[in-house]
Amino acid sequence: MSSLGSKAKSSVLWNTGFNLFRDVLQFLVMIILVRMIVPSSYGEFALVTSIIGFIHVFSFNTFIQHVLQVRDDSKVNYQYHFTFGFFLQIFMFIFTNLIAFLMEFFHFYDTVAVYLHVLSIVFFLELFSEIRRMELQRELDWKRMRILHGIGLLIGSALAIGLAYAGAGIYALIIPGFMSNVPFIYEMLIIQKWRPTWEWKLSEYKKTINFSKKRIISGLMTTGKPLIENSLFVAILGYAQLGFYNRAIGLATLLVNKFALQLTFSIYPILTKVEPYTDQFRRIGGLIILFVVWIIVPIAYVVFTMSSELVLILYGDKWLEVIPYLAPAAIIMALNAINHVLYSLLLSSHQEKLCTYYDSSMLIGTVLLLLLVLPNGVLGYLHAQVLLLFGATLFLISVSIYLKVLEVKSVYFAIFPPLLALAFSGIFLENVVSLEMEALDSKIIRLILYSLLFSILYLGVLRVFFSKSLYTIVSYLPGKTVLFKILMLTNNKDQ
């Protein structure tokens, strides 16, 4: 196996393992926090994080991302990035606090101004931690990066539970987020003894600035969506309804979308080292889209079908309003996951301008939905988002094929097999065992039994009709030898 292929496998394994660890940890912490924090606090948290996210687009994080675009290691100078970032982060800190001060004069938003003051501290923490993260990503040292990240998550999770138990409310959601930076800062300053030399040359930094200009525009479009969405939610429906909506989207993201985001994140540095529009690039892109779609489709279906059981088990009775929102939220997150993969493939192929146009169009579409549909209720707004994202998915697929970023064959094998398996499994369960499921008193048993039966049927269809593609996916999973035996897979099957 080539060195790059070996690192790709290592990347998938470490990031998949970390993703599982993080999701389980966040899942457990979420179950505890939702029972101690009221819906309105989640609404306030959603609004303030969308504000800081929008401001964050102009920060050092956008500029340091350019190191992943540089193929030649000798052309990466982290001292230039630190010097530029130091003064930029000071400006961002001052600007954020000024925005928070101005918010105190506006109705609806004055209650969250103090939280924005607190969140402004993150700009100083990220100056050091982001440099170390980028170094590890360029080196493809996912093991080291994920261990450090995991330590930060454990510290933050313990702090979140402690603060919530002490009655800190929204601060139990805000403050623990800082902890993910601490291990990276410690390694950089204490272990590596890294120190700034304050070097910087405008002529050497122009490529970074030019790249970042395009990413800032795109980032504004992306972060503008949740900012506008949350702001109008508060003005039209209030913090509590935003809290219910946020929890539906949050749970759907955790269960459906997180895997795709993490997989794309781990593979992206490898994509940037492969020449775009080549057969190798298209093979890697086809494998990523295959991997993501085959896994998220069944998860989204189970979340869609068992939304009532999931909400009651995980959130409890005070979150009943989330139940009708979770099913469309699952579809939204599945489409988002697919779109994110396609978007990343285009971006790594130097299609920054196209990505910016896409982000602009999605922002305009979202604003129209907010103004025209949201006043009629949250559920209608969710359904409208499904239609918008479905159209966006068709667009990205068409463009990717037209630009030769993906092959038609790759798209076909990524989408048709899981939809066929989904249709067969869903129809069988709904017509054969649905009544027996409803007769079970325990919600947990219903959820587990339905998920297990669906998984068996889903994998069965893929094993019978699409064994070669299934073999490819399993070959990248931990414990593949055991899985090969269970699924009775060999490498010489015809498609």
# chains A, B, ... in the order shown; residues from 1 in each chain; ligands from 1
>>> residues_around(residues="Met488 in chain A", least_positions_apart="3", cutoff="10 Å", atoms="only C-alpha atoms", output="PyMOL selection string")
chain A and resi 463+467+471+482-485
>>> residues_around(residues="range 390-394 of chain A", least_positions_apart="2", cutoff="9 Å", atoms="only C-alpha atoms", output="PyMOL selection string")
chain A and resi 332+335-336+338-339+342+358+362+385-388+396-399
>>> write_last_selection(atoms="N, CA and C atoms", output="JSON list (two decimals), in the first residue's frame")
[["chain", "number", "residue", "atom", "x", "y", "z"],
["A", 332, "ILE", "N", -32.82, 16.63, 7.03],
["A", 332, "ILE", "CA", -31.99, 17.81, 6.80],
["A", 332, "ILE", "C", -30.52, 17.49, 7.06],
["A", 335, "LEU", "N", -29.01, 15.22, 4.28],
["A", 335, "LEU", "CA", -28.69, 16.00, 3.08],
["A", 335, "LEU", "C", -27.50, 16.92, 3.33],
["A", 336, "ASN", "N", -27.44, 17.50, 4.52],
["A", 336, "ASN", "CA", -26.30, 18.35, 4.88],
["A", 336, "ASN", "C", -24.99, 17.57, 4.82],
["A", 338, "ILE", "N", -24.24, 14.89, 3.01],
["A", 338, "ILE", "CA", -23.88, 14.63, 1.61],
["A", 338, "ILE", "C", -23.35, 15.90, 0.96],
["A", 339, "ASN", "N", -24.03, 17.01, 1.20],
["A", 339, "ASN", "CA", -23.61, 18.28, 0.63],
["A", 339, "ASN", "C", -22.23, 18.70, 1.13],
["A", 342, "LEU", "N", -19.56, 16.76, -0.82],
["A", 342, "LEU", "CA", -19.45, 17.28, -2.19],
["A", 342, "LEU", "C", -18.79, 18.65, -2.19],
["A", 358, "TYR", "N", -22.24, 29.07, -4.17],
["A", 358, "TYR", "CA", -23.16, 28.12, -3.53],
["A", 358, "TYR", "C", -23.57, 28.62, -2.15],
["A", 362, "MET", "N", -27.39, 29.58, -0.88],
["A", 362, "MET", "CA", -28.02, 28.93, 0.27],
["A", 362, "MET", "C", -28.44, 29.95, 1.32],
["A", 385, "GLN", "N", -36.95, 23.58, 4.48],
["A", 385, "GLN", "CA", -35.50, 23.36, 4.43],
["A", 385, "GLN", "C", -35.15, 22.06, 3.71],
["A", 386, "VAL", "N", -35.96, 21.04, 3.93],
["A", 386, "VAL", "CA", -35.73, 19.77, 3.25],
["A", 386, "VAL", "C", -35.75, 19.96, 1.74],
["A", 387, "LEU", "N", -36.74, 20.68, 1.24],
["A", 387, "LEU", "CA", -36.85, 20.93, -0.20],
["A", 387, "LEU", "C", -35.66, 21.73, -0.72],
["A", 388, "LEU", "N", -35.26, 22.74, 0.03],
["A", 388, "LEU", "CA", -34.12, 23.56, -0.38],
["A", 388, "LEU", "C", -32.84, 22.74, -0.46],
["A", 396, "LEU", "N", -25.06, 20.16, -6.52],
["A", 396, "LEU", "CA", -23.67, 19.82, -6.23],
["A", 396, "LEU", "C", -23.25, 18.53, -6.92],
["A", 397, "ILE", "N", -24.15, 17.57, -6.98],
["A", 397, "ILE", "CA", -23.83, 16.32, -7.69],
["A", 397, "ILE", "C", -23.60, 16.60, -9.18],
["A", 398, "SER", "N", -24.48, 17.39, -9.77],
["A", 398, "SER", "CA", -24.37, 17.71, -11.20],
["A", 398, "SER", "C", -23.08, 18.45, -11.51],
["A", 399, "VAL", "N", -22.76, 19.43, -10.67],
["A", 399, "VAL", "CA", -21.53, 20.21, -10.87],
["A", 399, "VAL", "C", -20.29, 19.34, -10.69]]
>>> residues_around(residues="Ala113 in chain A", least_positions_apart="3", cutoff="12 Å", atoms="only C-alpha atoms", output="JSON, numbers by chain")
{"A": [44, 45, 47, 48, 49, 51, 52, 96, 97, 98, 99, 100, 101, 102, 103, 104, 105, 106, 107, 108, 109, 110, 116, 117, 118, 119, 120]}
>>> residues_around(residues="Leu237 in chain A", least_positions_apart="3", cutoff="9 Å", atoms="only C-alpha atoms", output="short mmCIF file (atom, residue, chain, number, x, y, z; two decimals) with N, CA and C atoms, in the first residue's frame")
data_model
loop_
_atom_site.label_atom_id
_atom_site.label_comp_id
_atom_site.auth_asym_id
_atom_site.auth_seq_id
_atom_site.Cartn_x
_atom_site.Cartn_y
_atom_site.Cartn_z
N LEU A 232 -33.96 35.80 13.92
CA LEU A 232 -35.38 35.90 13.57
C LEU A 232 -36.24 34.95 14.40
N PHE A 233 -35.70 33.81 14.76
CA PHE A 233 -36.41 32.88 15.64
C PHE A 233 -36.77 33.57 16.95
N VAL A 234 -35.78 34.23 17.55
CA VAL A 234 -36.00 34.92 18.82
C VAL A 234 -37.03 36.02 18.67
N ALA A 240 -37.62 30.11 23.84
CA ALA A 240 -38.04 28.74 24.14
C ALA A 240 -38.21 27.92 22.85
N GLN A 241 -38.90 28.50 21.85
CA GLN A 241 -39.09 27.78 20.59
C GLN A 241 -37.76 27.56 19.87
N LEU A 242 -36.86 28.53 19.98
CA LEU A 242 -35.52 28.35 19.42
C LEU A 242 -34.82 27.21 20.14
N LEU A 374 -41.29 30.74 8.28
CA LEU A 374 -41.14 30.63 9.73
C LEU A 374 -42.32 31.22 10.52
N PRO A 375 -42.91 32.36 10.10
CA PRO A 375 -44.05 32.89 10.87
C PRO A 375 -45.21 31.91 10.98
N GLY A 377 -44.82 28.70 11.62
CA GLY A 377 -44.48 27.63 12.54
C GLY A 377 -43.17 26.95 12.21
N VAL A 378 -42.63 26.28 13.22
CA VAL A 378 -41.33 25.62 13.08
C VAL A 378 -41.39 24.43 12.12
#
>>> closest_atom_pairs(of="range 283-337 of chain A", to="range 415-422 of chain A", cutoff="8 Å", atoms="only C-alpha atoms", output="tab-separated table")
residue	atom	partner	partner_atom	distance
A:Leu290	CA	A:Ile415	CA	7.6
A:Val293	CA	A:Ile415	CA	6.7
A:Trp294	CA	A:Pro418	CA	5.6
A:Val297	CA	A:Pro418	CA	6.8
A:Pro298	CA	A:Leu422	CA	6.7
A:Tyr301	CA	A:Leu422	CA	7.9
>>> write_last_selection(atoms="N, CA and C atoms", output="PDB file, in the first residue's frame")
ATOM      1  N   LEU A 290     -19.276   7.340  -1.096  1.00  0.00           N
ATOM      2  CA  LEU A 290     -19.843   6.004  -0.876  1.00  0.00           C
ATOM      3  C   LEU A 290     -19.912   5.699   0.617  1.00  0.00           C
ATOM      4  N   VAL A 293     -22.639   8.096   2.474  1.00  0.00           N
ATOM      5  CA  VAL A 293     -24.050   7.871   2.158  1.00  0.00           C
ATOM      6  C   VAL A 293     -24.522   6.517   2.675  1.00  0.00           C
ATOM      7  N   TRP A 294     -23.703   5.487   2.522  1.00  0.00           N
ATOM      8  CA  TRP A 294     -24.121   4.152   2.946  1.00  0.00           C
ATOM      9  C   TRP A 294     -24.334   4.077   4.456  1.00  0.00           C
ATOM     10  N   VAL A 297     -27.543   7.095   5.619  1.00  0.00           N
ATOM     11  CA  VAL A 297     -28.920   6.833   5.179  1.00  0.00           C
ATOM     12  C   VAL A 297     -29.674   5.954   6.171  1.00  0.00           C
ATOM     13  N   PRO A 298     -29.142   4.814   6.595  1.00  0.00           N
ATOM     14  CA  PRO A 298     -29.884   4.005   7.570  1.00  0.00           C
ATOM     15  C   PRO A 298     -30.034   4.687   8.918  1.00  0.00           C
ATOM     16  N   TYR A 301     -32.823   7.193   8.711  1.00  0.00           N
ATOM     17  CA  TYR A 301     -34.132   6.538   8.644  1.00  0.00           C
ATOM     18  C   TYR A 301     -34.600   6.092  10.027  1.00  0.00           C
TER      19      TYR A 301
END
>>> residues_around(residues="Ser41 in chain A", least_positions_apart="3", cutoff="12 Å", atoms="only C-alpha atoms", output="PyMOL selection string")
chain A and resi 33-34+36-38+44-48+111-112+115+164+167-174+238-244+246-247
>>> closest_residue(among="A:Pro226, A:Gly285, A:Gly177, A:Gly43", to="Ser400 in chain A", atoms="only C-alpha atoms")
A:Gly285
>>> atom_distance(atom1="CA of Val461 in chain A", atom2="CA of Gly426 in chain A")
11.8 Å
>>> closest_residue(among="A:Trp142, A:Phe82, A:Trp198, A:Phe211", to="Glu352 in chain A", atoms="only C-alpha atoms")
A:Phe211
>>> atom_distance(atom1="CA of Leu347 in chain A", atom2="CA of Met92 in chain A")
26.2 Å
>>> residues_around(residues="Thr222 in chain A", least_positions_apart="4", cutoff="8 Å", atoms="only C-alpha atoms", output="short mmCIF file (atom, residue, chain, number, x, y, z; two decimals) with C-alpha atoms, in the first residue's frame")
data_model
loop_
_atom_site.label_atom_id
_atom_site.label_comp_id
_atom_site.auth_asym_id
_atom_site.auth_seq_id
_atom_site.Cartn_x
_atom_site.Cartn_y
_atom_site.Cartn_z
CA SER A 218 -17.85 31.91 1.89
CA PRO A 226 -27.53 30.40 11.69
CA ASP A 359 -22.90 29.56 -0.02
CA LEU A 363 -27.99 32.02 2.46
#
>>> atom_distance(atom1="CA of Asp23 in chain A", atom2="CA of Tyr42 in chain A")
18.8 Å
>>> residues_around(residues="Ile456 in chain A", least_positions_apart="2", cutoff="12 Å", atoms="only C-alpha atoms", output="number ranges by chain")
A: 298, 421-422, 424-426, 428-429, 449-454, 458-463, 486-487
>>> closest_residue(among="A:Val24, A:Gln65, A:Val114, A:Thr197", to="Phe86 in chain A", atoms="only C-alpha atoms")
A:Thr197
>>> closest_residue(among="A:Arg282, A:Lys207, A:Arg446, A:Arg138", to="Lys409 in chain A", atoms="only C-alpha atoms")
A:Arg282
>>> closest_residue(among="A:Arg195, A:Lys201, A:Lys353, A:Arg132", to="Ile217 in chain A", atoms="only C-alpha atoms")
A:Lys353
>>> select_by_dssp(residues="range 267-358 of chain A", states="alpha helix (DSSP H)", output="PyMOL selection string")
chain A and resi 267-271+279-305+307-314+323-348+352-358
>>> closest_residue(among="A:Tyr343, A:Arg146, A:Thr208, A:Ile448", to="Phe395 in chain A", atoms="only C-alpha atoms")
A:Tyr343
